[in-house]
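To be precise, the following lines are data.pdb, and they hold PDB, C-alpha atoms.
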```
ATOM      1  CA  MET A   1     -36.461  19.130  11.228
ATOM      2  CA  GLY A   2     -39.725  17.244  10.971
ATOM      3  CA  LEU A   3     -40.347  13.566  11.524
ATOM      4  CA  LEU A   4     -40.727  12.876   7.797
ATOM      5  CA  SER A   5     -37.314  14.393   6.995
ATOM      6  CA  PHE A   6     -35.796  11.209   8.435
ATOM      7  CA  PHE A   7     -37.234   9.245   5.512
ATOM      8  CA  LYS A   8     -35.998  11.517   2.737
ATOM      9  CA  LYS A   9     -33.355  10.145   0.428
ATOM     10  CA  PRO A  10     -30.006  11.894   0.725
ATOM     11  CA  LYS A  11     -29.279  14.402  -1.998
ATOM     12  CA  TYR A  12     -26.018  14.083  -3.814
ATOM     13  CA  ASP A  13     -23.985  16.748  -5.478
ATOM     14  CA  LYS A  14     -25.042  17.143  -9.108
ATOM     15  CA  LYS A  15     -21.397  16.841 -10.093
ATOM     16  CA  VAL A  16     -21.169  13.398  -8.476
ATOM     17  CA  LEU A  17     -24.306  12.303 -10.320
ATOM     18  CA  ALA A  18     -22.833  13.638 -13.572
ATOM     19  CA  LEU A  19     -19.557  11.846 -12.824
ATOM     20  CA  TYR A  20     -21.389   8.563 -12.317
ATOM     21  CA  ASN A  21     -23.375   9.112 -15.518
ATOM     22  CA  THR A  22     -20.100   9.721 -17.378
ATOM     23  CA  ILE A  23     -18.725   6.439 -16.037
ATOM     24  CA  VAL A  24     -21.883   4.601 -17.120
ATOM     25  CA  ARG A  25     -21.782   6.207 -20.579
ATOM     26  CA  VAL A  26     -18.147   5.207 -21.131
ATOM     27  CA  SER A  27     -18.890   1.720 -19.780
ATOM     28  CA  ARG A  28     -21.587   1.262 -22.397
ATOM     29  CA  THR A  29     -19.277   1.923 -25.338
ATOM     30  CA  PRO A  30     -20.218  -0.839 -27.815
ATOM     31  CA  ILE A  31     -16.631  -1.766 -28.721
ATOM     32  CA  LEU A  32     -16.015  -2.949 -25.149
ATOM     33  CA  TYR A  33     -18.603  -5.656 -25.742
ATOM     34  CA  SER A  34     -17.969  -6.434 -29.401
ATOM     35  CA  LYS A  35     -14.198  -6.254 -29.854
ATOM     36  CA  TYR A  36     -13.035  -6.628 -26.240
ATOM     37  CA  GLY A  37     -15.494  -9.453 -25.536
ATOM     38  CA  VAL A  38     -17.089  -8.341 -22.274
ATOM     39  CA  ALA A  39     -20.460 -10.053 -21.834
ATOM     40  CA  ASP A  40     -23.380  -7.745 -22.639
ATOM     41  CA  THR A  41     -25.269  -8.879 -19.544
ATOM     42  CA  LEU A  42     -26.134  -7.323 -16.202
ATOM     43  CA  ILE A  43     -22.913  -8.676 -14.707
ATOM     44  CA  GLY A  44     -20.820  -7.611 -17.709
ATOM     45  CA  ARG A  45     -22.238  -4.099 -17.517
ATOM     46  CA  PHE A  46     -21.687  -4.021 -13.752
ATOM     47  CA  ASP A  47     -18.091  -5.122 -14.265
ATOM     48  CA  LEU A  48     -17.390  -2.391 -16.808
ATOM     49  CA  ILE A  49     -18.864   0.235 -14.481
ATOM     50  CA  VAL A  50     -16.680  -1.128 -11.672
ATOM     51  CA  LEU A  51     -13.607  -1.051 -13.931
ATOM     52  CA  HIS A  52     -14.163   2.617 -14.772
ATOM     53  CA  CYS A  53     -15.077   3.460 -11.169
ATOM     54  CA  PHE A  54     -11.789   1.869 -10.154
ATOM     55  CA  VAL A  55      -9.886   4.311 -12.358
ATOM     56  CA  VAL A  56     -11.810   7.324 -11.035
ATOM     57  CA  ILE A  57     -11.779   6.272  -7.372
ATOM     58  CA  ARG A  58      -8.069   5.454  -7.519
ATOM     59  CA  ARG A  59      -7.373   8.963  -8.776
ATOM     60  CA  LEU A  60      -9.840  10.668  -6.429
ATOM     61  CA  ASN A  61      -8.209   9.000  -3.438
ATOM     62  CA  GLN A  62      -4.914  10.605  -4.473
ATOM     63  CA  HIS A  63      -6.530  14.031  -4.053
ATOM     64  CA  GLY A  64      -6.686  14.029  -0.260
ATOM     65  CA  ASP A  65      -9.742  14.275   1.971
ATOM     66  CA  GLU A  66     -11.875  16.024  -0.638
ATOM     67  CA  GLY A  67     -11.167  13.254  -3.135
ATOM     68  CA  VAL A  68     -11.870  10.514  -0.594
ATOM     69  CA  LEU A  69     -15.203  12.154   0.240
ATOM     70  CA  LYS A  70     -16.126  12.398  -3.441
ATOM     71  CA  SER A  71     -15.164   8.759  -4.035
ATOM     72  CA  GLN A  72     -17.471   7.719  -1.184
ATOM     73  CA  GLU A  73     -20.293   9.765  -2.702
ATOM     74  CA  LEU A  74     -19.609   8.119  -6.063
ATOM     75  CA  PHE A  75     -19.872   4.692  -4.427
ATOM     76  CA  ASP A  76     -23.142   5.696  -2.747
ATOM     77  CA  VAL A  77     -24.647   6.981  -6.001
ATOM     78  CA  MET A  78     -23.559   3.825  -7.817
ATOM     79  CA  PHE A  79     -25.255   1.564  -5.296
ATOM     80  CA  ILE A  80     -28.417   3.643  -5.217
ATOM     81  CA  ASP A  81     -28.532   3.131  -8.993
ATOM     82  CA  ILE A  82     -27.857  -0.603  -8.602
ATOM     83  CA  ASP A  83     -30.634  -0.871  -6.010
ATOM     84  CA  ARG A  84     -33.025   0.921  -8.379
ATOM     85  CA  SER A  85     -31.993  -1.263 -11.309
ATOM     86  CA  LEU A  86     -32.463  -4.477  -9.336
ATOM     87  CA  ARG A  87     -35.932  -3.361  -8.285
ATOM     88  CA  GLU A  88     -36.779  -2.570 -11.918
ATOM     89  CA  ILE A  89     -35.891  -6.094 -13.013
ATOM     90  CA  GLY A  90     -38.043  -7.556 -10.270
ATOM     91  CA  VAL A  91     -35.729  -8.364  -7.372
ATOM     92  CA  GLY A  92     -38.021  -8.136  -4.363
ATOM     93  CA  ASP A  93     -37.276  -6.587  -0.993
ATOM     94  CA  ALA A  94     -36.631 -10.030   0.517
ATOM     95  CA  GLY A  95     -33.641 -10.760  -1.744
ATOM     96  CA  LEU A  96     -32.522  -7.217  -2.440
ATOM     97  CA  GLY A  97     -30.315  -6.764   0.614
ATOM     98  CA  LYS A  98     -28.372  -9.961  -0.039
ATOM     99  CA  LYS A  99     -27.931  -9.126  -3.720
ATOM    100  CA  VAL A 100     -26.691  -5.585  -3.006
ATOM    101  CA  LYS A 101     -24.346  -6.866  -0.298
ATOM    102  CA  SER A 102     -22.987  -9.453  -2.728
ATOM    103  CA  LEU A 103     -22.405  -6.788  -5.386
ATOM    104  CA  ALA A 104     -20.739  -4.456  -2.860
ATOM    105  CA  THR A 105     -18.407  -7.291  -1.852
ATOM    106  CA  ALA A 106     -17.661  -7.925  -5.534
ATOM    107  CA  PHE A 107     -17.052  -4.201  -6.049
ATOM    108  CA  TYR A 108     -14.473  -3.974  -3.269
ATOM    109  CA  GLY A 109     -12.873  -7.269  -4.311
ATOM    110  CA  ARG A 110     -12.435  -6.020  -7.866
ATOM    111  CA  LEU A 111     -11.041  -2.672  -6.718
ATOM    112  CA  GLY A 112      -8.485  -4.501  -4.580
ATOM    113  CA  SER A 113      -7.599  -6.971  -7.312
ATOM    114  CA  TYR A 114      -7.203  -4.296  -9.992
ATOM    115  CA  GLY A 115      -5.203  -2.088  -7.644
ATOM    116  CA  GLU A 116      -2.793  -4.862  -6.720
ATOM    117  CA  ALA A 117      -2.409  -5.874 -10.365
ATOM    118  CA  ILE A 118      -1.765  -2.310 -11.575
ATOM    119  CA  ASP A 119       0.649  -1.632  -8.718
ATOM    120  CA  SER A 120       2.561  -4.861  -9.385
ATOM    121  CA  LYS A 121       3.187  -3.765 -13.000
ATOM    122  CA  ASP A 122       2.993  -7.479 -13.862
ATOM    123  CA  SER A 123       0.988  -8.109 -17.035
ATOM    124  CA  LYS A 124       0.199 -11.699 -16.069
ATOM    125  CA  THR A 125      -1.288 -10.606 -12.730
ATOM    126  CA  LEU A 126      -3.420  -7.965 -14.445
ATOM    127  CA  ILE A 127      -4.624 -10.395 -17.109
ATOM    128  CA  GLU A 128      -5.549 -12.978 -14.453
ATOM    129  CA  SER A 129      -7.450 -10.322 -12.495
ATOM    130  CA  LEU A 130      -9.367  -9.245 -15.589
ATOM    131  CA  LYS A 131     -10.063 -12.841 -16.613
ATOM    132  CA  ARG A 132     -11.448 -13.630 -13.151
ATOM    133  CA  ASN A 133     -13.493 -10.445 -12.830
ATOM    134  CA  LEU A 134     -14.283  -8.574 -16.035
ATOM    135  CA  PHE A 135     -14.608 -11.776 -18.042
ATOM    136  CA  SER A 136     -16.319 -13.945 -15.419
ATOM    137  CA  GLU A 137     -19.107 -14.844 -17.848
ATOM    138  CA  THR A 138     -17.083 -15.339 -21.007
ATOM    139  CA  ASN A 139     -14.029 -17.110 -22.283
ATOM    140  CA  PRO A 140     -11.985 -14.294 -23.847
ATOM    141  CA  SER A 141      -9.211 -14.875 -26.313
ATOM    142  CA  ASP A 142      -5.643 -13.993 -25.409
ATOM    143  CA  TYR A 143      -6.006 -11.031 -27.764
ATOM    144  CA  GLN A 144      -9.088  -9.754 -25.887
ATOM    145  CA  LEU A 145      -7.348 -10.184 -22.534
ATOM    146  CA  SER A 146      -4.366  -8.255 -23.858
ATOM    147  CA  LEU A 147      -6.647  -5.515 -25.194
ATOM    148  CA  ALA A 148      -8.423  -5.208 -21.853
ATOM    149  CA  ALA A 149      -5.160  -5.157 -19.874
ATOM    150  CA  ASN A 150      -3.727  -2.436 -22.120
ATOM    151  CA  TYR A 151      -7.008  -0.531 -21.923
ATOM    152  CA  LEU A 152      -7.023  -0.523 -18.121
ATOM    153  CA  ARG A 153      -3.325   0.324 -17.890
ATOM    154  CA  ASN A 154      -3.774   3.216 -20.331
ATOM    155  CA  ARG A 155      -6.835   4.520 -18.474
ATOM    156  CA  VAL A 156      -4.887   4.532 -15.207
ATOM    157  CA  ILE A 157      -1.963   6.341 -16.885
ATOM    158  CA  GLU A 158      -4.427   8.839 -18.396
ATOM    159  CA  SER A 159      -6.043   9.385 -14.992
ATOM    160  CA  GLU A 160      -2.716  10.303 -13.404
ATOM    161  CA  LYS A 161      -2.943  13.588 -15.327
ATOM    162  CA  TRP A 162      -6.424  14.443 -13.971
ATOM    163  CA  SER A 163      -6.549  17.254 -11.474
ATOM    164  CA  PHE A 164      -9.386  17.323  -8.970
ATOM    165  CA  ALA A 165     -10.949  20.068 -11.084
ATOM    166  CA  ASP A 166     -10.692  17.849 -14.186
ATOM    167  CA  ILE A 167     -12.687  15.140 -12.425
ATOM    168  CA  ASP A 168     -15.148  17.653 -10.999
ATOM    169  CA  ASN A 169     -15.693  19.168 -14.460
ATOM    170  CA  LEU A 170     -15.851  15.758 -16.188
ATOM    171  CA  ASN A 171     -12.670  16.308 -18.187
ATOM    172  CA  ILE A 172     -11.956  12.591 -17.944
ATOM    173  CA  PHE A 173     -11.939   9.570 -20.244
ATOM    174  CA  GLN A 174     -11.037  11.705 -23.235
ATOM    175  CA  THR A 175      -9.019   9.006 -25.000
ATOM    176  CA  ARG A 176     -10.967   7.234 -27.700
ATOM    177  CA  ILE A 177     -11.510   3.508 -27.234
ATOM    178  CA  GLU A 178     -10.144   1.428 -30.083
TER     179      GLU A 178
END
```
structure tokens encoding of this file:
Amino acid sequence: MGLLSFFKKPKYDKKVLALYNTIVRVSRTPILYSKYGVADTLIGRFDLIVLHCFVVIRRLNQHGDEGVLKSQELFDVMFIDIDRSLREIGVGDAGLGKKVKSLATAFYGRLGSYGEAIDSKDSKTLIESLKRNLFSETNPSDYQLSLAANYLRNRVIESEKWSFADIDNLNIFQTRIE
């Protein structure tokens, strides 16, 4: 191992990169912005990626140590992409660390909030969580909040059928968004 190997970026499993790309692709489905009312902004896009990561990470963590490891790799890949994206829009090194830390805190807060809301099986709790997080930049109608709550609930129910191999082979998010 040479001195320069210390500075190399870690390499991630191609399947984890493909999984993250699948999450991003699904998160960019136009109907989520038009009909559901999520803001088509950097924060809105971030929030939709987090929402879909929540579904995948929740399921991965139910698949034991291998799933937990893959969910950590997914998190790492996501934040490498966020770091790259922030640099592309001009966030300098001086502010980058604070911005990434803030987004990581938001990520974990949203995962906790969505998890508690889904586990509670209380529609009002889920709607409040979505209103506070997914719709932080907009004022959604009751209809849009209901759509989003049903969407997340249905995605979680769908994910309960995913085997580890399904996730690994990207056999996820097969239900059409309407």
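Using only C-alpha atoms, the nearest neighbour of Glu160 of chain A within the list A:Ile23, A:Ser113, A:Asn61, A:Asp40 is A:Asn61.
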(request) Kindly indicate which residue among A:Ile89, A:Leu170, A:Ser102, A:Arg176 lies nearest to Thr22 of chain A, using all atoms listed in the file for the distances. (result) A:Leu170
(request) List the residues matched by the PyMOL selection byres ((chain A and resi 144) around 10) in the displayed structure as a PyMOL selection string, ordered by chain and then by residue number. (result) chain A and resi 32+35-38+127+131+135+139-143+145-150
Please dump the current selection as a PDB file, in the coordinates of the input; keep C-alpha atoms.
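Saved file out.pdb follows:
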```pdb
ATOM      1  CA  LEU A  32     -16.015  -2.949 -25.149  1.00  0.00           C
ATOM      2  CA  LYS A  35     -14.198  -6.254 -29.854  1.00  0.00           C
ATOM      3  CA  TYR A  36     -13.035  -6.628 -26.240  1.00  0.00           C
ATOM      4  CA  GLY A  37     -15.494  -9.453 -25.536  1.00  0.00           C
ATOM      5  CA  VAL A  38     -17.089  -8.341 -22.274  1.00  0.00           C
ATOM      6  CA  ILE A 127      -4.624 -10.395 -17.109  1.00  0.00           C
ATOM      7  CA  LYS A 131     -10.063 -12.841 -16.613  1.00  0.00           C
ATOM      8  CA  PHE A 135     -14.608 -11.776 -18.042  1.00  0.00           C
ATOM      9  CA  ASN A 139     -14.029 -17.110 -22.283  1.00  0.00           C
ATOM     10  CA  PRO A 140     -11.985 -14.294 -23.847  1.00  0.00           C
ATOM     11  CA  SER A 141      -9.211 -14.875 -26.313  1.00  0.00           C
ATOM     12  CA  ASP A 142      -5.643 -13.993 -25.409  1.00  0.00           C
ATOM     13  CA  TYR A 143      -6.006 -11.031 -27.764  1.00  0.00           C
ATOM     14  CA  LEU A 145      -7.348 -10.184 -22.534  1.00  0.00           C
ATOM     15  CA  SER A 146      -4.366  -8.255 -23.858  1.00  0.00           C
ATOM     16  CA  LEU A 147      -6.647  -5.515 -25.194  1.00  0.00           C
ATOM     17  CA  ALA A 148      -8.423  -5.208 -21.853  1.00  0.00           C
ATOM     18  CA  ALA A 149      -5.160  -5.157 -19.874  1.00  0.00           C
ATOM     19  CA  ASN A 150      -3.727  -2.436 -22.120  1.00  0.00           C
TER      20      ASN A 150
END
```
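Between atom CA of Ala104 of chain A and atom CA of Met78 of chain A there is a distance of 10.1 Å.
Considering the residues A:Ala18, A:Ile177, A:Ile167, A:Leu48 and counting all atoms listed in the file, Leu130 of chain A has its shortest atom-to-atom contact with A:Leu48.
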Please provide the set of residues having any atom within 9 Å of Val26 of chain A, restricted to all atoms listed in the file, with same-chain residues fewer than 6 positions apart removed, written as a PDB file with C-alpha atoms, keeping the file's coordinate frame.
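Result saved to out-v3.pdb:
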```
ATOM      1  CA  LEU A  48     -17.390  -2.391 -16.808  1.00  0.00           C
ATOM      2  CA  ILE A  49     -18.864   0.235 -14.481  1.00  0.00           C
ATOM      3  CA  HIS A  52     -14.163   2.617 -14.772  1.00  0.00           C
ATOM      4  CA  PHE A 173     -11.939   9.570 -20.244  1.00  0.00           C
TER       5      PHE A 173
END
```
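The residue that comes closest to Asp65 of chain A, out of A:Phe164, A:Phe79, A:Ile31, A:Leu86 and on the basis of all atoms listed in the file, is A:Phe164.
Once the PyMOL selection byres ((chain A and resi 116) around 12) is applied to the shown structure, the selection contains Phe54, Arg58, Gly109, Arg110, Leu111, Gly112, Ser113, Tyr114, Gly115, Ala117, Ile118, Asp119, Ser120, Lys121, Asp122, Ser123, Lys124, Thr125, Leu126, Ile127, Glu128, Ser129 and Leu130 of chain A.
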Please save C-alpha atoms of the selected residues as an mmCIF file, in the frame of the given file.
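In the end it all went to again_26.cif:
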```
data_model
loop_
_atom_site.group_PDB
_atom_site.id
_atom_site.type_symbol
_atom_site.label_atom_id
_atom_site.label_comp_id
_atom_site.auth_asym_id
_atom_site.auth_seq_id
_atom_site.Cartn_x
_atom_site.Cartn_y
_atom_site.Cartn_z
ATOM 1 C CA PHE A 54 -11.789 1.869 -10.154
ATOM 2 C CA ARG A 58 -8.069 5.454 -7.519
ATOM 3 C CA GLY A 109 -12.873 -7.269 -4.311
ATOM 4 C CA ARG A 110 -12.435 -6.020 -7.866
ATOM 5 C CA LEU A 111 -11.041 -2.672 -6.718
ATOM 6 C CA GLY A 112 -8.485 -4.501 -4.580
ATOM 7 C CA SER A 113 -7.599 -6.971 -7.312
ATOM 8 C CA TYR A 114 -7.203 -4.296 -9.992
ATOM 9 C CA GLY A 115 -5.203 -2.088 -7.644
ATOM 10 C CA ALA A 117 -2.409 -5.874 -10.365
ATOM 11 C CA ILE A 118 -1.765 -2.310 -11.575
ATOM 12 C CA ASP A 119 0.649 -1.632 -8.718
ATOM 13 C CA SER A 120 2.561 -4.861 -9.385
ATOM 14 C CA LYS A 121 3.187 -3.765 -13.000
ATOM 15 C CA ASP A 122 2.993 -7.479 -13.862
ATOM 16 C CA SER A 123 0.988 -8.109 -17.035
ATOM 17 C CA LYS A 124 0.199 -11.699 -16.069
ATOM 18 C CA THR A 125 -1.288 -10.606 -12.730
ATOM 19 C CA LEU A 126 -3.420 -7.965 -14.445
ATOM 20 C CA ILE A 127 -4.624 -10.395 -17.109
ATOM 21 C CA GLU A 128 -5.549 -12.978 -14.453
ATOM 22 C CA SER A 129 -7.450 -10.322 -12.495
ATOM 23 C CA LEU A 130 -9.367 -9.245 -15.589
#
```
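The spacing separating atom CA of Glu137 of chain A from atom CA of Thr41 of chain A amounts to 8.7 Å.
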